[in-house]
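**Q** Here's a structure for you.
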Amino acid sequence: MHRDPLKSAARLVIKIGTGVLTDGRKQIDPAQLEQLVAQVAAQHKAGKEIVLVTSGAVGAGMGALGYEKRPHELAELQACAAVGQSRLMSNYAELFAKQDLHVAQVLLTHEDLEHHERHLNARNTLVTLLAHGVIPIINENDAVSFTEIKFGDNDKLSALVASLLPADLLVILTTVDGVVENFGKANPKTIPVIEKIDRTIESLAGGTTSETAVGGMRSKIEAAKIVVRSGIPLVIASGKKKNVIAKIVGGENEGTLFVAQPDKLQGRKRWIAFFHHPKGALFVDAGARRALRDGGKSLLPPGVARCEGNFEAGEVIRICDMDGTEFARGIAKFSGEEVRAKKLARVELVHRDDLVIL
């Protein structure tokens with residue numbers, strides 16, 4: 001029942017991980033890339049709109065430049081990305097051309113999606129490409145952006161792209177079958193459906209030991225939090241399997257499905273919730289938490305117990321309970337300095353129209 005909606009998904013974002021694309025020598029695996037392209041082309045010809053988010057640029061560059069391990073120096077990472085990205089796109093363009101399909105390279109940084117006008121421009125570009133039957137192939141602009149290389153990953157980027165469009169389904173193809181209980185032990189078991197991401201699910205997520213990858217399962221579960229709150233289902237599955245995409249969109253029991261929340265966020269609320277690095281935090285008491293979560297109220301000064309960060313009016317901040325758990329984000333109407341001065345009365349620190357419950 002949970003997988004029935006996947007059959008009607010018309011717009012897909014498919015993220016392909018580094019480990020799926022590269023061989024033991026850290027080079028692009030031509031046969032593997034060809035079979036993945038054939039799968040994507042088949043879905044496109046079946047009437048689906050498809051956006052690819054691809055890893056593999058740094059990995060491809062590592063092989064070309066002779067690195068056996070992922071370098072740590074920023075300049076070396078950027079050099080690998082610059083060499084690898086051109087090789088990666090050349091391979092994609094050639095393989096999709098054999099399927100009579102055009103591709104477009106789209107390189108993004110977090111700032112492109114955070115700034116509201118650039119955010120909307122990115123969305124309009126992607127939608128226009130899709131309308132022309134082109135397959136956008138997205139990667140982080142690793143050769144020039146330092147924050148994303150050091151802290152970002154393409155799992156999160158794929159979730160943000162899915163939320164940006166919005167997509168009907170996000171598929172993350174990796175080297176494992178999904179979220180696995182007892183991973184690395186004698187009796188591993190793939191969890192077929194996850195309806196709620198709680199501490200038990202998070203405890204199953206590890207990082208990665210791969211020399212070419214970044215995030216591991218932990219980053220995939222963080223990506224799941226973004227898309228399911230946006231009202232978009234996510235499937236994590238093995239990209240090494242034949243016809244895996246067709247099985248997923250056919251509603252078959254493939255990989256791990258994260259069920260979308262029923263209350264979809266609108267575009268501006270998605271932008272507030274997921275596309276910023278919050279500049280500070282307000283910690284609120286239990287009464288204010290109930291008013292925000294259950295009453296749909298704005299945040300007023302009496303409910304704020306503590307203020308952290310040097311944020312300005314108009315910037316996005318975290319809203320946390322007294323235990324430090326973030327449960328909302330919003331756009332501050334006053335600066336952190338003004339909030340800490342405690343001279344504000346009968347004002348809205350965060351208006352409910354600028355606030356998102358996570």
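Ordering of the structure tokens sets the chain letters (A, B, ...); residue numbers start at 1 within each chain; ligands are numbered from 1 in the order shown.
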So that I can check the surroundings of region 330-345 of chain A, please list as number ranges by chain every protein, DNA and RNA residue that reaches within 7 Å of it, counting only C-alpha atoms and ignoring chain neighbours fewer than 4 positions away.
**A** A: 272, 301, 307, 309-318, 349-350, 354-356
**Q** Those residues you just picked out, can you put them in a file as a short mmCIF file (atom, residue, chain, number, x, y, z; two decimals), in the first residue's frame with N, CA, C and O atoms?
**A**
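Listing of result_7.cif after writing:
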data_model
loop_
_atom_site.label_atom_id
_atom_site.label_comp_id
_atom_site.auth_asym_id
_atom_site.auth_seq_id
_atom_site.Cartn_x
_atom_site.Cartn_y
_atom_site.Cartn_z
N ILE A 272 12.33 28.23 3.59
CA ILE A 272 12.69 28.63 4.94
C ILE A 272 13.27 27.44 5.72
O ILE A 272 14.28 27.56 6.41
N PRO A 301 7.85 37.38 22.65
CA PRO A 301 8.99 37.47 23.58
C PRO A 301 8.83 36.70 24.90
O PRO A 301 9.81 36.10 25.35
N CYS A 307 18.56 33.11 23.95
CA CYS A 307 18.85 33.48 22.56
C CYS A 307 20.33 33.26 22.30
O CYS A 307 21.18 33.70 23.08
N GLY A 309 23.48 33.31 19.15
CA GLY A 309 23.87 33.69 17.79
C GLY A 309 23.76 35.17 17.52
O GLY A 309 22.98 35.88 18.15
N ASN A 310 24.55 35.63 16.56
CA ASN A 310 24.55 37.04 16.17
C ASN A 310 23.79 37.23 14.87
O ASN A 310 24.35 37.62 13.86
N PHE A 311 22.51 36.90 14.89
CA PHE A 311 21.70 37.00 13.68
C PHE A 311 21.07 38.38 13.57
O PHE A 311 20.93 39.11 14.56
N GLU A 312 20.73 38.72 12.32
CA GLU A 312 20.08 39.99 12.03
C GLU A 312 18.61 39.75 11.68
O GLU A 312 18.21 38.63 11.37
N ALA A 313 17.84 40.81 11.73
CA ALA A 313 16.45 40.71 11.29
C ALA A 313 16.42 40.26 9.83
O ALA A 313 17.22 40.72 9.01
N GLY A 314 15.52 39.33 9.51
CA GLY A 314 15.41 38.81 8.15
C GLY A 314 16.19 37.55 7.91
O GLY A 314 16.08 36.95 6.83
N GLU A 315 16.97 37.09 8.90
CA GLU A 315 17.74 35.85 8.74
C GLU A 315 16.99 34.68 9.37
O GLU A 315 16.20 34.84 10.31
N VAL A 316 17.27 33.49 8.85
CA VAL A 316 16.61 32.28 9.34
C VAL A 316 17.31 31.78 10.61
O VAL A 316 18.55 31.74 10.68
N ILE A 317 16.51 31.42 11.60
CA ILE A 317 17.03 30.93 12.88
C ILE A 317 16.38 29.61 13.24
O ILE A 317 15.30 29.28 12.75
N ARG A 318 17.03 28.85 14.11
CA ARG A 318 16.48 27.63 14.67
C ARG A 318 15.60 27.98 15.87
O ARG A 318 15.90 28.92 16.60
N LEU A 349 8.32 37.97 17.38
CA LEU A 349 9.72 37.73 17.05
C LEU A 349 9.84 36.94 15.75
O LEU A 349 10.73 37.20 14.94
N VAL A 350 8.93 35.99 15.57
CA VAL A 350 8.83 35.23 14.32
C VAL A 350 7.35 35.09 14.01
O VAL A 350 6.60 34.51 14.80
N ASP A 354 6.10 33.08 8.65
CA ASP A 354 7.53 32.90 8.39
C ASP A 354 8.12 31.78 9.22
O ASP A 354 9.32 31.70 9.41
N LEU A 355 7.27 30.87 9.72
CA LEU A 355 7.70 29.82 10.64
C LEU A 355 7.28 28.46 10.11
O LEU A 355 6.17 28.31 9.60
N VAL A 356 8.17 27.49 10.23
CA VAL A 356 7.90 26.13 9.75
C VAL A 356 8.15 25.15 10.89
O VAL A 356 9.23 25.15 11.48
#
**Q** Please extract the residues of region 312-341 of chain A with a backbone DSSP assignment of strand (DSSP E or B) and present them as a list in words.
**A** Val316, Ile317, Arg318, Ile319, Cys320, Glu326, Phe327, Ala328, Arg329, Gly330 and Ile331 of chain A
**Q** Write to file, as a PDB file, in the first residue's frame, the residues of the selection just made, with all heavy atoms.
**A**
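Result file is result-v5.pdb:
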ATOM      1  N   VAL A 316      17.269  33.485   8.852  1.00  0.00           N
ATOM      2  CA  VAL A 316      16.613  32.276   9.341  1.00  0.00           C
ATOM      3  C   VAL A 316      17.313  31.785  10.605  1.00  0.00           C
ATOM      4  O   VAL A 316      18.546  31.738  10.678  1.00  0.00           O
ATOM      5  CB  VAL A 316      16.622  31.173   8.263  1.00  0.00           C
ATOM      6  CG1 VAL A 316      16.150  29.834   8.848  1.00  0.00           C
ATOM      7  CG2 VAL A 316      15.720  31.577   7.106  1.00  0.00           C
ATOM      8  N   ILE A 317      16.509  31.425  11.603  1.00  0.00           N
ATOM      9  CA  ILE A 317      17.035  30.934  12.877  1.00  0.00           C
ATOM     10  C   ILE A 317      16.376  29.609  13.243  1.00  0.00           C
ATOM     11  O   ILE A 317      15.299  29.275  12.750  1.00  0.00           O
ATOM     12  CB  ILE A 317      16.810  31.953  14.016  1.00  0.00           C
ATOM     13  CG1 ILE A 317      15.324  32.286  14.136  1.00  0.00           C
ATOM     14  CG2 ILE A 317      17.651  33.205  13.788  1.00  0.00           C
ATOM     15  CD1 ILE A 317      14.986  33.136  15.361  1.00  0.00           C
ATOM     16  N   ARG A 318      17.027  28.854  14.110  1.00  0.00           N
ATOM     17  CA  ARG A 318      16.476  27.631  14.674  1.00  0.00           C
ATOM     18  C   ARG A 318      15.597  27.984  15.865  1.00  0.00           C
ATOM     19  O   ARG A 318      15.897  28.918  16.601  1.00  0.00           O
ATOM     20  CB  ARG A 318      17.597  26.687  15.109  1.00  0.00           C
ATOM     21  CG  ARG A 318      18.557  26.304  14.007  1.00  0.00           C
ATOM     22  CD  ARG A 318      19.847  25.712  14.547  1.00  0.00           C
ATOM     23  NE  ARG A 318      19.611  24.495  15.316  1.00  0.00           N
ATOM     24  CZ  ARG A 318      20.039  24.294  16.554  1.00  0.00           C
ATOM     25  NH1 ARG A 318      20.720  25.234  17.186  1.00  0.00           N
ATOM     26  NH2 ARG A 318      19.800  23.157  17.172  1.00  0.00           N
ATOM     27  N   ILE A 319      14.549  27.204  16.074  1.00  0.00           N
ATOM     28  CA  ILE A 319      13.711  27.354  17.257  1.00  0.00           C
ATOM     29  C   ILE A 319      13.718  26.012  17.970  1.00  0.00           C
ATOM     30  O   ILE A 319      13.341  24.985  17.397  1.00  0.00           O
ATOM     31  CB  ILE A 319      12.285  27.792  16.890  1.00  0.00           C
ATOM     32  CG1 ILE A 319      12.343  29.143  16.157  1.00  0.00           C
ATOM     33  CG2 ILE A 319      11.411  27.903  18.134  1.00  0.00           C
ATOM     34  CD1 ILE A 319      11.029  29.607  15.591  1.00  0.00           C
ATOM     35  N   CYS A 320      14.186  26.023  19.224  1.00  0.00           N
ATOM     36  CA  CYS A 320      14.430  24.788  19.969  1.00  0.00           C
ATOM     37  C   CYS A 320      13.647  24.789  21.270  1.00  0.00           C
ATOM     38  O   CYS A 320      13.318  25.853  21.826  1.00  0.00           O
ATOM     39  CB  CYS A 320      15.918  24.650  20.293  1.00  0.00           C
ATOM     40  SG  CYS A 320      17.022  24.777  18.859  1.00  0.00           S
ATOM     41  N   GLU A 326      15.710  20.991  18.137  1.00  0.00           N
ATOM     42  CA  GLU A 326      15.133  21.907  17.156  1.00  0.00           C
ATOM     43  C   GLU A 326      13.818  21.333  16.642  1.00  0.00           C
ATOM     44  O   GLU A 326      13.767  20.200  16.189  1.00  0.00           O
ATOM     45  CB  GLU A 326      16.103  22.104  15.991  1.00  0.00           C
ATOM     46  CG  GLU A 326      15.585  23.053  14.925  1.00  0.00           C
ATOM     47  CD  GLU A 326      16.507  23.175  13.722  1.00  0.00           C
ATOM     48  OE1 GLU A 326      17.461  22.361  13.615  1.00  0.00           O
ATOM     49  OE2 GLU A 326      16.283  24.067  12.896  1.00  0.00           O
ATOM     50  N   PHE A 327      12.754  22.114  16.725  1.00  0.00           N
ATOM     51  CA  PHE A 327      11.457  21.648  16.238  1.00  0.00           C
ATOM     52  C   PHE A 327      10.848  22.589  15.209  1.00  0.00           C
ATOM     53  O   PHE A 327       9.802  22.288  14.629  1.00  0.00           O
ATOM     54  CB  PHE A 327      10.469  21.445  17.402  1.00  0.00           C
ATOM     55  CG  PHE A 327      10.042  22.717  18.093  1.00  0.00           C
ATOM     56  CD1 PHE A 327       8.895  23.396  17.681  1.00  0.00           C
ATOM     57  CD2 PHE A 327      10.765  23.226  19.154  1.00  0.00           C
ATOM     58  CE1 PHE A 327       8.488  24.570  18.306  1.00  0.00           C
ATOM     59  CE2 PHE A 327      10.378  24.396  19.785  1.00  0.00           C
ATOM     60  CZ  PHE A 327       9.234  25.068  19.366  1.00  0.00           C
ATOM     61  N   ALA A 328      11.493  23.728  14.957  1.00  0.00           N
ATOM     62  CA  ALA A 328      10.961  24.681  13.979  1.00  0.00           C
ATOM     63  C   ALA A 328      12.091  25.576  13.478  1.00  0.00           C
ATOM     64  O   ALA A 328      13.163  25.659  14.092  1.00  0.00           O
ATOM     65  CB  ALA A 328       9.852  25.530  14.594  1.00  0.00           C
ATOM     66  N   ARG A 329      11.839  26.208  12.345  1.00  0.00           N
ATOM     67  CA  ARG A 329      12.723  27.264  11.834  1.00  0.00           C
ATOM     68  C   ARG A 329      11.861  28.431  11.397  1.00  0.00           C
ATOM     69  O   ARG A 329      10.699  28.251  11.026  1.00  0.00           O
ATOM     70  CB  ARG A 329      13.569  26.771  10.652  1.00  0.00           C
ATOM     71  CG  ARG A 329      14.667  25.838  11.067  1.00  0.00           C
ATOM     72  CD  ARG A 329      15.650  25.521   9.963  1.00  0.00           C
ATOM     73  NE  ARG A 329      16.647  24.574  10.451  1.00  0.00           N
ATOM     74  CZ  ARG A 329      17.663  24.115   9.759  1.00  0.00           C
ATOM     75  NH1 ARG A 329      17.834  24.511   8.507  1.00  0.00           N
ATOM     76  NH2 ARG A 329      18.515  23.259  10.282  1.00  0.00           N
ATOM     77  N   GLY A 330      12.451  29.614  11.430  1.00  0.00           N
ATOM     78  CA  GLY A 330      11.685  30.778  11.026  1.00  0.00           C
ATOM     79  C   GLY A 330      12.576  31.955  10.705  1.00  0.00           C
ATOM     80  O   GLY A 330      13.787  31.941  10.962  1.00  0.00           O
ATOM     81  N   ILE A 331      11.970  32.978  10.123  1.00  0.00           N
ATOM     82  CA  ILE A 331      12.679  34.212   9.789  1.00  0.00           C
ATOM     83  C   ILE A 331      12.500  35.201  10.939  1.00  0.00           C
ATOM     84  O   ILE A 331      11.373  35.554  11.305  1.00  0.00           O
ATOM     85  CB  ILE A 331      12.137  34.819   8.484  1.00  0.00           C
ATOM     86  CG1 ILE A 331      12.339  33.832   7.322  1.00  0.00           C
ATOM     87  CG2 ILE A 331      12.832  36.141   8.182  1.00  0.00           C
ATOM     88  CD1 ILE A 331      11.717  34.297   6.019  1.00  0.00           C
TER      89      ILE A 331
END
**Q** Distance CA of Leu101 (chain A)-CA of Gly239 (chain A), one decimal place?
**A**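 Between CA of Leu101 (chain A) and CA of Gly239 (chain A) the gap works out to 21.1 Å.
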**Q** Could you pull out the alpha helix (DSSP H) residues of region 121-358 of chain A from DSSP and send them as JSON, numbers by chain?
**A** {"A": [121, 122, 123, 124, 125, 126, 127, 128, 129, 130, 131, 146, 147, 148, 149, 150, 151, 154, 155, 156, 157, 158, 159, 160, 161, 162, 163, 164, 199, 200, 201, 202, 203, 216, 217, 218, 219, 220, 221, 222, 223, 224, 225, 226, 227, 228, 229, 244, 245, 246, 247, 248, 249, 267, 268, 269, 270, 271, 272, 273, 274, 286, 287, 288, 289, 290, 291, 292, 293, 336, 337, 338, 339, 340, 341]}
**Q** Pick out the residues sitting within 9 Å of Ala38 (chain A), and hand them over as a short mmCIF file (atom, residue, chain, number, x, y, z; two decimals) with C-alpha atoms, in the first residue's frame; count only C-alpha atoms, and ignore anything fewer than 4 positions along from it in its own chain.
**A**
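What follows is the written file selection.cif:
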data_model
loop_
_atom_site.label_atom_id
_atom_site.label_comp_id
_atom_site.auth_asym_id
_atom_site.auth_seq_id
_atom_site.Cartn_x
_atom_site.Cartn_y
_atom_site.Cartn_z
CA LEU A 33 27.40 3.88 -16.11
CA GLU A 34 25.93 2.60 -19.38
CA ALA A 42 13.79 3.95 -20.34
CA GLN A 43 11.93 5.94 -17.68
CA LEU A 95 25.77 7.64 -23.43
CA PHE A 96 22.53 9.64 -23.39
CA GLN A 99 19.54 7.03 -26.47
#
**Q** Which residue gives the smallest distance to Asn139 (chain A) among A:Ile194, A:Val259, A:Leu160, A:Val304, with only C-alpha atoms counted?
**A** A:Leu160
**Q** Got a sec: who's within 12 Å of region 177-179 of chain A, counting only C-alpha atoms, leaving out chain neighbours fewer than 4 positions off, as a PyMOL selection string?
**A** chain A and resi 20+171-173+183+188-194+197+200-206+216-221+224+234-241+244+253-258
**Q** State, in Å with one decimal place, the distance from CA of Gln261 (chain A) to CA of Ala9 (chain A).
**A** 15.7 Å
**Q** Taking into account only C-alpha atoms, which residue in the set A:Leu300, A:Val37, A:Lys185, A:Lys242 is nearest to Lys98 (chain A)?
**A**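 Residue with the minimum atom-to-atom distance to Lys98 (chain A): A:Val37.
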**Q** Compile the contact shell of Leu265 (chain A) as a ChimeraX atom specification: residues with an atom at most 9 Å away, counting only C-alpha atoms, same-chain residues fewer than 2 positions apart removed.
**A** /A:229-231,263,267-270,356
**Q** If I take CA of Ala246 (chain A) and CA of Ala10 (chain A), how far is one from the other in Å, to one decimal?
**A**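 Interatomic distance, CA of Ala246 (chain A) to CA of Ala10 (chain A): 13.0 Å.
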**Q** Ala93 (chain A): which residues within 9 Å, counting only C-alpha atoms, same-chain residues fewer than 6 positions away excluded, as a list in words?
**A**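 Everything that qualifies: Leu101, His102, Val103 and Ala104 of chain A.
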